>>> print(open('target-v6.csv').read())   # CSV, C-alpha atoms
chain,number,residue,atom,x,y,z
T,590,MET,CA,133.8,190.6,-16.2
T,591,THR,CA,133.7,194.3,-16.8
T,592,LEU,CA,130.3,195.9,-16.3
T,593,HIS,CA,128.7,198.6,-18.4
T,594,PRO,CA,129.8,202.0,-16.9
T,595,GLY,CA,126.3,203.4,-17.6
T,596,ALA,CA,124.9,201.0,-15.1
T,597,TRP,CA,127.1,202.3,-12.3
T,598,TRP,CA,126.3,205.9,-13.1
T,599,LEU,CA,122.5,205.2,-13.1
T,600,TRP,CA,122.8,203.3,-9.8
T,601,ALA,CA,124.8,206.2,-8.3
T,602,LEU,CA,122.3,208.8,-9.5
T,603,CYS,CA,119.5,206.8,-8.0
T,604,LEU,CA,121.3,206.8,-4.6
T,605,ALA,CA,121.8,210.5,-5.1
T,606,ALA,CA,118.1,210.9,-5.6
T,607,VAL,CA,117.5,209.1,-2.3
T,608,ALA,CA,119.9,211.6,-0.6
T,609,THR,CA,118.1,214.6,-2.0
T,610,ARG,CA,114.8,213.4,-0.5
T,611,THR,CA,115.8,213.0,3.1
T,612,THR,CA,117.8,214.7,5.8
T,613,ASN,CA,117.5,211.8,8.2
T,614,PRO,CA,121.0,211.1,9.4
T,615,LEU,CA,120.4,207.4,9.7
T,616,LEU,CA,119.2,207.1,6.1
T,617,LEU,CA,122.0,209.2,4.8
T,618,ALA,CA,124.6,207.2,6.7
T,619,LEU,CA,123.1,204.0,5.2
T,620,VAL,CA,123.5,205.5,1.7
T,621,VAL,CA,127.1,206.4,2.4
T,622,ALA,CA,127.8,202.9,3.8
T,623,VAL,CA,126.2,201.2,0.8
T,624,ALA,CA,128.0,203.4,-1.7
T,625,GLY,CA,131.3,202.8,0.1
T,626,TYR,CA,130.9,199.1,0.4
T,627,VAL,CA,130.0,198.7,-3.3
T,628,ALA,CA,132.8,201.0,-4.4
T,629,VAL,CA,135.4,199.0,-2.4
T,630,SER,CA,134.1,195.5,-3.2
T,631,CYS,CA,133.3,196.0,-6.9
T,632,ARG,CA,136.1,198.3,-8.1
T,633,GLU,CA,138.6,197.1,-10.6
T,634,ASP,CA,142.4,197.5,-10.7
T,635,THR,CA,142.4,201.0,-12.3
T,636,PRO,CA,144.1,204.3,-11.4
T,637,TRP,CA,140.8,205.8,-10.4
T,638,ALA,CA,139.7,202.9,-8.2
T,639,SER,CA,140.5,204.9,-5.0
T,640,ALA,CA,138.4,207.9,-6.0
T,641,TYR,CA,135.7,207.1,-3.4
T,642,GLY,CA,138.1,207.8,-0.5
T,643,VAL,CA,139.0,211.2,-1.9
T,644,PHE,CA,135.3,212.1,-2.4
T,645,LEU,CA,134.5,210.9,1.2
T,646,LYS,CA,137.2,213.2,2.6
T,647,PHE,CA,135.9,216.0,0.5
T,648,GLY,CA,132.5,215.3,1.8
T,649,LEU,CA,133.7,215.6,5.4
T,650,VAL,CA,135.3,218.9,4.6
T,651,VAL,CA,132.0,220.2,3.1
T,652,LEU,CA,130.2,219.0,6.3
T,653,GLY,CA,132.7,220.9,8.5
T,654,ILE,CA,132.4,224.1,6.3
T,655,ARG,CA,128.6,223.9,6.6
T,656,VAL,CA,128.7,223.7,10.4
T,657,VAL,CA,131.3,226.5,10.6
T,658,LEU,CA,129.2,228.8,8.4
T,659,HIS,CA,126.1,228.2,10.5
T,660,ILE,CA,128.0,229.0,13.7
T,661,LEU,CA,129.4,232.2,12.2
T,662,LEU,CA,126.5,233.4,10.1
T,663,GLY,CA,123.5,231.8,11.8
T,664,GLY,CA,120.4,230.3,10.3
T,665,VAL,CA,117.8,228.1,12.0
T,666,GLY,CA,117.5,229.0,15.7
T,667,GLY,CA,116.0,227.3,18.7
T,668,PRO,CA,115.4,227.6,22.5
T,669,THR,CA,118.4,225.4,23.5
T,670,VAL,CA,121.4,227.8,23.3
T,671,LEU,CA,124.7,226.0,23.6
T,672,PHE,CA,127.0,229.0,23.6
T,673,THR,CA,127.1,232.6,22.4
T,674,LEU,CA,129.8,234.2,20.2
T,675,PRO,CA,130.6,237.9,20.2
T,676,GLY,CA,128.3,239.6,17.7
T,677,ILE,CA,129.3,242.1,15.1
T,678,PRO,CA,126.6,244.7,14.2
T,679,LEU,CA,125.6,244.9,10.5
T,680,PRO,CA,123.8,247.6,8.5
T,681,GLU,CA,120.1,247.6,8.0
T,682,TRP,CA,120.3,246.3,4.4
T,683,ALA,CA,121.8,243.1,5.8
T,684,ASN,CA,118.7,242.3,7.8
T,685,GLY,CA,118.4,238.6,8.5
T,686,ILE,CA,122.2,238.0,8.5
T,687,ARG,CA,124.3,238.0,11.6
T,688,LEU,CA,127.9,237.6,12.5
T,689,GLY,CA,128.3,235.7,15.8
T,690,GLY,CA,125.6,235.6,18.4
T,691,PRO,CA,123.9,232.6,20.0
T,692,VAL,CA,124.3,229.1,18.6
T,693,SER,CA,121.5,226.7,19.5
T,694,ALA,CA,121.4,222.9,19.5
T,695,GLU,CA,118.5,222.9,17.1
T,696,GLY,CA,120.3,225.0,14.5
T,697,LEU,CA,123.5,223.0,14.9
T,698,VAL,CA,121.6,219.7,14.2
T,699,PHE,CA,119.9,221.3,11.2
T,700,ALA,CA,123.3,222.4,9.8
T,701,LEU,CA,124.8,218.9,10.5
T,702,CYS,CA,121.9,217.2,8.6
T,703,GLN,CA,122.2,219.6,5.6
T,704,GLY,CA,126.0,219.1,5.5
T,705,LEU,CA,125.6,215.4,5.7
T,706,GLN,CA,123.2,215.5,2.8
T,707,LEU,CA,125.7,217.3,0.7
T,708,ALA,CA,128.5,214.9,1.7
T,709,THR,CA,126.3,212.0,0.8
T,710,LEU,CA,125.8,213.4,-2.7
T,711,LEU,CA,129.5,213.7,-3.1
T,712,CYS,CA,130.0,210.1,-1.9
T,713,CYS,CA,127.5,208.9,-4.6
T,714,VAL,CA,129.4,210.7,-7.3
T,715,GLY,CA,132.7,209.3,-5.9
T,716,ALA,CA,131.3,205.8,-6.0
T,717,ALA,CA,130.4,206.2,-9.7
T,718,ASN,CA,133.9,207.6,-10.4
T,719,ALA,CA,135.6,204.7,-8.7
T,720,LEU,CA,133.5,202.1,-10.5
T,721,ALA,CA,132.8,203.4,-14.0
T,722,ASN,CA,135.2,204.2,-16.8
T,723,ALA,CA,134.3,207.5,-18.3
T,724,LYS,CA,136.1,206.8,-21.6
T,725,ARG,CA,134.1,203.7,-22.1
T,726,LEU,CA,130.9,205.5,-21.2
T,727,LEU,CA,131.5,208.0,-24.0
T,728,ARG,CA,131.3,205.2,-26.6
T,729,SER,CA,127.8,204.3,-25.5
T,730,LEU,CA,126.4,207.9,-25.9
T,731,PRO,CA,124.2,208.7,-28.9
T,732,ALA,CA,125.9,210.5,-31.7
T,733,ALA,CA,123.7,213.6,-31.2
T,734,LEU,CA,125.5,214.1,-27.8
T,735,TYR,CA,129.1,213.9,-29.2
T,736,GLU,CA,129.4,217.7,-29.2
T,737,VAL,CA,128.8,218.0,-25.4
T,738,SER,CA,130.1,214.6,-24.5
T,739,VAL,CA,133.7,215.7,-25.1
T,740,ALA,CA,133.4,218.4,-22.5
T,741,VAL,CA,131.4,216.1,-20.2
T,742,VAL,CA,134.0,213.3,-20.3
T,743,VAL,CA,136.9,215.6,-19.8
T,744,ALA,CA,135.0,217.0,-16.7
T,745,LEU,CA,134.3,213.5,-15.4
T,746,THR,CA,137.9,212.4,-15.8
T,747,VAL,CA,139.4,215.4,-13.9
T,748,ALA,CA,138.6,213.9,-10.5
T,749,PRO,CA,139.9,210.3,-11.3
T,750,GLN,CA,143.0,211.9,-12.9
T,751,LEU,CA,143.6,213.9,-9.8
T,752,VAL,CA,143.5,210.7,-7.7
T,753,ALA,CA,145.9,208.9,-10.1
T,754,SER,CA,148.2,211.9,-10.3
T,755,ALA,CA,148.3,212.3,-6.5
T,756,ARG,CA,149.3,208.7,-6.1
T,757,ALA,CA,152.0,208.9,-8.8
T,758,VAL,CA,153.5,212.1,-7.5
T,759,ARG,CA,153.5,210.9,-3.9
T,760,ARG,CA,155.1,207.6,-4.9
T,761,ALA,CA,157.8,209.4,-6.9
T,762,ARG,CA,158.6,211.7,-4.0
T,763,VAL,CA,158.8,208.7,-1.6
T,764,LEU,CA,161.2,207.0,-4.0
T,765,ARG,CA,163.4,210.2,-3.9
T,766,GLY,CA,163.4,210.0,-0.1
T,767,ASP,CA,161.0,212.9,0.5
T,768,ALA,CA,158.4,211.6,2.9
T,769,VAL,CA,156.6,214.9,3.6
T,770,ARG,CA,153.2,214.6,5.3
T,771,GLY,CA,150.5,216.8,6.6
T,772,VAL,CA,149.7,220.4,5.5
T,773,LYS,CA,153.2,220.8,4.1
T,774,ALA,CA,152.7,217.8,1.8
T,775,VAL,CA,149.5,219.3,0.4
T,776,ARG,CA,151.4,222.5,-0.4
T,777,VAL,CA,154.3,220.7,-2.1
T,778,LEU,CA,152.1,218.2,-4.1
T,779,LEU,CA,149.4,220.6,-5.2
T,780,VAL,CA,151.0,222.2,-8.2
T,781,PRO,CA,152.4,219.0,-9.8
T,782,VAL,CA,149.2,217.0,-9.2
T,783,LEU,CA,147.0,219.7,-10.8
T,784,GLU,CA,149.4,220.2,-13.7
T,785,ASP,CA,149.5,216.4,-14.4
T,786,ALA,CA,145.7,216.0,-14.1
T,787,PHE,CA,144.8,218.8,-16.4
T,788,GLU,CA,147.5,217.7,-18.9
T,789,ARG,CA,146.0,214.2,-19.0
T,790,SER,CA,142.5,215.6,-19.5
T,791,LEU,CA,143.7,217.9,-22.4
T,792,VAL,CA,145.4,214.9,-24.0
T,793,LEU,CA,142.2,213.0,-23.8
T,794,ALA,CA,140.3,215.8,-25.3
T,795,ALA,CA,142.8,216.1,-28.2
T,796,ALA,CA,142.6,212.3,-28.8
T,797,MET,CA,138.8,212.4,-28.9
T,798,ASP,CA,138.9,215.4,-31.3
T,799,SER,CA,141.3,213.6,-33.6
T,800,ARG,CA,138.9,210.7,-33.8
T,801,GLY,CA,136.0,212.8,-34.9
T,802,TYR,CA,134.1,213.4,-31.7
T,803,GLY,CA,132.1,216.6,-32.1
T,804,ARG,CA,132.8,217.0,-35.7
T,805,THR,CA,130.4,219.1,-37.8
T,806,ALA,CA,132.3,219.2,-41.2
T,807,GLY,CA,130.2,218.3,-44.2
T,808,LEU,CA,126.9,218.6,-42.3
T,809,PRO,CA,124.2,220.9,-43.5
T,810,LYS,CA,123.5,223.9,-41.2
T,811,ARG,CA,119.8,223.1,-41.3
T,812,ALA,CA,120.4,219.6,-40.0
T,813,ARG,CA,122.6,220.9,-37.1
T,814,VAL,CA,120.1,223.5,-36.1
T,815,VAL,CA,117.1,221.1,-36.2
T,816,THR,CA,119.0,218.5,-34.1
T,817,GLY,CA,120.1,221.1,-31.6
T,818,VAL,CA,116.6,222.6,-31.2
T,819,LEU,CA,115.0,219.2,-30.8
T,820,VAL,CA,117.5,218.1,-28.2
T,821,LEU,CA,117.6,221.4,-26.2
T,822,GLY,CA,113.8,221.7,-26.4
T,823,GLY,CA,113.3,218.1,-25.3
T,824,LEU,CA,115.6,218.6,-22.3
T,825,VAL,CA,113.8,221.8,-21.3
T,826,GLY,CA,110.5,220.0,-21.6
T,827,LEU,CA,111.7,217.2,-19.5
T,828,CYS,CA,112.9,219.5,-16.8
T,829,VAL,CA,109.8,221.7,-16.7
T,830,GLY,CA,107.5,218.6,-16.9
T,831,ALA,CA,109.3,216.9,-14.0
T,832,TYR,CA,109.0,220.1,-11.9
T,833,GLY,CA,105.3,220.3,-12.7
T,834,LEU,CA,104.8,216.7,-11.5
T,835,LEU,CA,106.7,217.3,-8.3
T,836,ASP,CA,105.0,220.7,-7.5
T,837,GLY,CA,101.3,220.1,-6.8
T,838,SER,CA,100.5,223.9,-7.2
T,839,ALA,CA,101.8,224.0,-10.8
T,840,PRO,CA,99.4,224.1,-13.7
T,841,ALA,CA,98.3,220.8,-15.1
T,842,VAL,CA,99.8,221.5,-18.5
T,843,THR,CA,103.3,221.7,-17.0
T,844,GLY,CA,103.1,218.2,-15.7
T,845,THR,CA,102.5,215.0,-17.8
T,846,PRO,CA,101.7,216.7,-21.1
T,847,LEU,CA,104.9,218.8,-21.2
T,848,LEU,CA,106.9,215.8,-19.9
T,849,ALA,CA,105.6,213.7,-22.8
T,850,VAL,CA,106.3,216.4,-25.4
T,851,GLY,CA,109.8,216.8,-24.0
T,852,ALA,CA,110.5,213.1,-24.2
T,853,VAL,CA,109.3,212.9,-27.8
T,854,CYS,CA,111.5,215.9,-28.8
T,855,ALA,CA,114.5,214.5,-27.1
T,856,VAL,CA,114.2,211.1,-28.7
T,857,ALA,CA,113.6,212.7,-32.1
T,858,GLY,CA,116.7,214.9,-31.7
T,859,LEU,CA,118.9,211.9,-30.6
T,860,TRP,CA,117.6,209.9,-33.6
T,861,SER,CA,118.3,212.7,-36.0
T,862,GLY,CA,121.7,213.3,-34.6
T,863,SER,CA,122.6,209.6,-34.7
T,864,ARG,CA,121.8,209.3,-38.4
T,865,ARG,CA,124.4,211.9,-39.4
T,866,VAL,CA,127.4,210.1,-37.8
T,867,ARG,CA,128.4,206.7,-39.0
T,868,ARG,CA,131.0,205.1,-36.7
T,869,SER,CA,131.8,201.5,-36.0
T,870,ARG,CA,132.5,200.3,-32.5
T,871,TYR,CA,135.1,197.8,-31.5
T,872,ARG,CA,133.8,195.5,-28.8
T,873,PRO,CA,130.8,197.6,-27.8
T,874,ASP,CA,129.6,197.4,-24.2
T,875,ARG,CA,126.5,195.3,-23.8
T,876,TRP,CA,123.7,195.5,-21.2
T,877,GLY,CA,123.2,192.2,-19.5
T,878,PRO,CA,121.3,190.8,-16.5
T,879,ARG,CA,124.0,192.1,-14.1
T,880,GLU,CA,123.7,195.6,-15.3
T,881,LEU,CA,119.9,195.5,-15.2
T,882,LEU,CA,120.1,194.2,-11.6
T,883,ILE,CA,122.4,197.0,-10.6
T,884,VAL,CA,120.1,199.7,-12.0
T,885,ALA,CA,117.0,198.0,-10.6
T,886,SER,CA,118.5,198.0,-7.1
T,887,GLY,CA,119.1,201.7,-7.3
T,888,LEU,CA,115.6,202.3,-8.7
T,889,VAL,CA,114.0,200.4,-5.9
T,890,ALA,CA,115.8,202.6,-3.3
T,891,ALA,CA,114.7,205.7,-5.1
T,892,LEU,CA,111.1,204.7,-5.6
T,893,ALA,CA,110.9,203.6,-1.9
T,894,THR,CA,112.1,207.0,-0.9
T,895,PHE,CA,109.5,208.8,-3.1
T,896,LEU,CA,106.7,206.5,-1.8
T,897,ALA,CA,107.7,206.6,1.9
T,898,PRO,CA,106.1,210.0,2.8
T,899,ALA,CA,102.7,208.7,1.8
T,900,ALA,CA,103.1,205.6,3.9
T,901,LEU,CA,105.1,206.8,6.9
T,902,GLY,CA,104.7,210.5,6.9
T,903,GLY,CA,107.2,213.3,6.1
T,904,ALA,CA,108.8,213.1,9.5
T,905,ALA,CA,110.4,209.8,8.6
T,906,LEU,CA,112.5,211.4,5.9
T,907,THR,CA,112.9,214.9,7.2
T,908,PRO,CA,112.8,214.8,11.0
T,909,ALA,CA,112.1,218.1,12.8
T,910,THR,CA,114.9,220.0,14.4
T,911,VAL,CA,112.7,222.7,16.1
T,912,PRO,CA,111.9,221.2,18.5
T,913,LEU,CA,114.5,218.4,18.4
T,914,SER,CA,112.9,215.0,17.8
>>> encode(input="target-v6.csv", output="structure tokens")
Amino acid sequence: MTLHPGAWWLWALCLAAVATRTTNPLLLALVVAVAGYVAVSCREDTPWASAYGVFLKFGLVVLGIRVVLHILLGGVGGPTVLFTLPGIPLPEWANGIRLGGPVSAEGLVFALCQGLQLATLLCCVGAANALANAKRLLRSLPAALYEVSVAVVVALTVAPQLVASARAVRRARVLRGDAVRGVKAVRVLLVPVLEDAFERSLVLAAAMDSRGYGRTAGLPKRARVVTGVLVLGGLVGLCVGAYGLLDGSAPAVTGTPLLAVGAVCAVAGLWSGSRRVRRSRYRPDRWGPRELLIVASGLVAALATFLAPAALGGAALTPATVPLS
């Protein structure tokens, strides 16, 4: 049975919220393991089912880049110096930035934790791409979001299309007897893979446009402006209200009141936009107990991470690196 794609994206976003709250390598490794296990065991037979592996490799590259940048440019220091690189003097306006110099164990661990956090976020997005069908997700969006949903869906399908294109191009070259591997294979396959992926995304955008997604013909200008202002104002209110709740030093009016006003404006904008487009749906995706259970499992992990500092202390989620602990 095919599950609702929105459930997988909400679950992945909850795991990403967990990753943004901690730099503990153990917790981040658990998130990566859970996302990878679910992506492998619950994926369907689709061209983008192997997207998680690509995002995992990309996360490892990001982790390596973060460590290399710390070694070359510096950052958090510490008393335990592992080795010292030749330094390059910089002008006074570049105060606080260095090229080379001592590399400490504390700073290296800090860079590893931050790089692992970024890699974990990429793994969460990769799991969602491997499990959810972006085209089916578009059908579940409110009509008020059709204008932006075309661009969003094309952007979301670029990564899965890259995976599918890479597999197809590599299989074609193997059938022709060209079994190139390593760095040379990347250089040979890069252009045809990118060309095929972008061509598929543009074909998808053209197909969506021909079916009326994002259409504004026949709609009064006043209705379009009112809907856009309500949706945009609601999103701004939600963002500022959420920031006010997370920041204890922010004024009280930027917390719950602004969050409530933003939610009301966003719902009103979505309702107003949905009324202007009449479209039937063939076999619409339904939310059932399985989808609710998937979203609930992600919400439990996210809520536990947000409540953990009060119960265990902040060191449980963000262990100190100076000194190392």
>>> residues_around(input="target-v6.csv", residues="Val621 in chain T", least_positions_apart="2", cutoff="8 Å", atoms="all atoms listed in the file", output="tab-separated table (two decimals) with C-alpha atoms, in the frame of the given file")
chain	number	residue	atom	x	y	z
T	617	LEU	CA	122.00	209.20	4.80
T	618	ALA	CA	124.60	207.20	6.70
T	619	LEU	CA	123.10	204.00	5.20
T	623	VAL	CA	126.20	201.20	0.80
T	624	ALA	CA	128.00	203.40	-1.70
T	625	GLY	CA	131.30	202.80	0.10
T	709	THR	CA	126.30	212.00	0.80
T	712	CYS	CA	130.00	210.10	-1.90
T	713	CYS	CA	127.50	208.90	-4.60
>>> atom_distance(input="target-v6.csv", atom1="CA of Glu681 in chain T", atom2="CA of Gly663 in chain T")
16.6 Å
>>> closest_residue(input="target-v6.csv", among="T:Leu649, T:Leu688, T:Ala721, T:Leu710", to="Thr591 in chain T", atoms="all atoms listed in the file")
T:Ala721
>>> atom_distance(input="target-v6.csv", atom1="CA of Arg687 in chain T", atom2="CA of Ala700 in chain T")
15.7 Å
>>> atom_distance(input="target-v6.csv", atom1="CA of Val856 in chain T", atom2="CA of Leu819 in chain T")
8.4 Å
>>> residues_around(input="target-v6.csv", residues="range 781-794 of chain T", least_positions_apart="6", cutoff="6 Å", atoms="all atoms listed in the file", output="list in words")
Val743, Gln750, Leu751, Ser754 and Ala755 of chain T
>>> closest_residue(input="target-v6.csv", among="T:Gly664, T:Cys702, T:Leu697, T:Ile883", to="Leu616 in chain T", atoms="all atoms listed in the file")
T:Cys702
>>> closest_residue(input="target-v6.csv", among="T:Thr611, T:Thr635, T:Thr673, T:Thr843", to="Val825 in chain T", atoms="all atoms listed in the file")
T:Thr843
>>> residues_around(input="target-v6.csv", residues="Ile654 in chain T", least_positions_apart="5", cutoff="12 Å", atoms="only C-alpha atoms", output="list in words")
Phe647, Gly648, Leu649, His659, Ile660, Leu661, Leu662, Ala700, Leu701, Gln703, Gly704, Leu705, Leu707 and Ala708 of chain T
>>> closest_residue(input="target-v6.csv", among="T:Gly877, T:Ala796, T:Arg759, T:Val656", to="Leu779 in chain T", atoms="only C-alpha atoms")
T:Arg759
>>> residues_around(input="target-v6.csv", residues="Leu592 in chain T", least_positions_apart="3", cutoff="8 Å", atoms="all atoms listed in the file", output="list of chain:residue names")
T:Ala596, T:Arg879, T:Glu880
>>> residues_near_point(input="target-v6.csv", point="(115.8, 217.1, 14.9)", cutoff="10 Å", atoms="all atoms listed in the file", output="list of chain:residue names")
T:Thr612, T:Asn613, T:Pro614, T:Ala694, T:Glu695, T:Gly696, T:Leu697, T:Val698, T:Phe699, T:Cys702, T:Ala904, T:Thr907, T:Pro908, T:Ala909, T:Thr910, T:Val911, T:Pro912, T:Leu913, T:Ser914
>>> build_atoms(input="target-v6.csv", residues="range 607-617 of chain T", atoms="all heavy atoms", output="compact mmCIF listing (two decimals), in the coordinates of the input")
# COMPACT_ATOMS: atom_id res chain seq x y z
N VAL T 607 117.93 209.47 -3.68
CA VAL T 607 117.50 209.10 -2.30
C VAL T 607 118.05 210.20 -1.33
O VAL T 607 117.33 210.66 -0.44
CB VAL T 607 118.05 207.74 -1.92
CG1 VAL T 607 117.77 207.46 -0.45
CG2 VAL T 607 117.39 206.68 -2.78
N ALA T 608 119.31 210.61 -1.52
CA ALA T 608 119.90 211.60 -0.60
C ALA T 608 119.22 212.95 -0.71
O ALA T 608 119.14 213.68 0.28
CB ALA T 608 121.39 211.73 -0.91
N THR T 609 118.72 213.31 -1.90
CA THR T 609 118.10 214.60 -2.00
C THR T 609 116.68 214.62 -1.39
O THR T 609 116.13 215.71 -1.17
CB THR T 609 117.91 214.97 -3.52
OG1 THR T 609 117.14 213.96 -4.20
CG2 THR T 609 119.27 215.09 -4.18
N ARG T 610 116.12 213.47 -1.07
CA ARG T 610 114.80 213.40 -0.50
C ARG T 610 114.73 213.34 0.98
O ARG T 610 113.64 213.39 1.56
CB ARG T 610 114.04 212.17 -1.10
CG ARG T 610 113.79 212.22 -2.59
CD ARG T 610 112.62 213.10 -2.91
NE ARG T 610 111.38 212.56 -2.35
CZ ARG T 610 110.22 213.18 -2.38
NH1 ARG T 610 110.13 214.38 -2.92
NH2 ARG T 610 109.14 212.63 -1.86
N THR T 611 115.86 213.21 1.63
CA THR T 611 115.80 213.00 3.10
C THR T 611 116.97 213.79 3.74
O THR T 611 118.02 214.01 3.14
CB THR T 611 115.97 211.52 3.43
OG1 THR T 611 115.96 211.36 4.84
CG2 THR T 611 117.25 210.94 2.87
N THR T 612 116.73 214.21 4.97
CA THR T 612 117.80 214.70 5.80
C THR T 612 117.93 213.90 7.09
O THR T 612 118.55 214.34 8.06
CB THR T 612 117.43 216.20 6.23
OG1 THR T 612 116.14 216.24 6.86
CG2 THR T 612 117.45 217.11 5.03
N ASN T 613 117.36 212.71 7.08
CA ASN T 613 117.50 211.80 8.20
C ASN T 613 118.92 211.28 8.28
O ASN T 613 119.39 210.63 7.34
CB ASN T 613 116.50 210.63 8.04
CG ASN T 613 116.39 209.79 9.30
OD1 ASN T 613 117.37 209.56 9.99
ND2 ASN T 613 115.19 209.32 9.57
N PRO T 614 119.64 211.54 9.35
CA PRO T 614 121.00 211.10 9.40
C PRO T 614 121.21 209.60 9.27
O PRO T 614 122.20 209.14 8.69
CB PRO T 614 121.51 211.60 10.79
CG PRO T 614 120.55 212.68 11.17
CD PRO T 614 119.24 212.30 10.56
N LEU T 615 120.25 208.81 9.79
CA LEU T 615 120.40 207.40 9.70
C LEU T 615 120.29 206.91 8.24
O LEU T 615 121.11 206.10 7.78
CB LEU T 615 119.26 206.70 10.51
CG LEU T 615 119.19 205.17 10.43
CD1 LEU T 615 120.49 204.55 10.92
CD2 LEU T 615 118.00 204.64 11.22
N LEU T 616 119.33 207.45 7.49
CA LEU T 616 119.20 207.10 6.10
C LEU T 616 120.39 207.54 5.27
O LEU T 616 120.89 206.82 4.39
CB LEU T 616 117.90 207.63 5.51
CG LEU T 616 116.60 207.12 6.15
CD1 LEU T 616 115.39 207.78 5.50
CD2 LEU T 616 116.51 205.61 6.02
N LEU T 617 120.86 208.74 5.53
CA LEU T 617 122.00 209.20 4.80
C LEU T 617 123.26 208.42 5.11
O LEU T 617 124.07 208.14 4.22
CB LEU T 617 122.25 210.72 5.15
CG LEU T 617 121.17 211.70 4.69
CD1 LEU T 617 121.45 213.09 5.22
CD2 LEU T 617 121.07 211.72 3.17
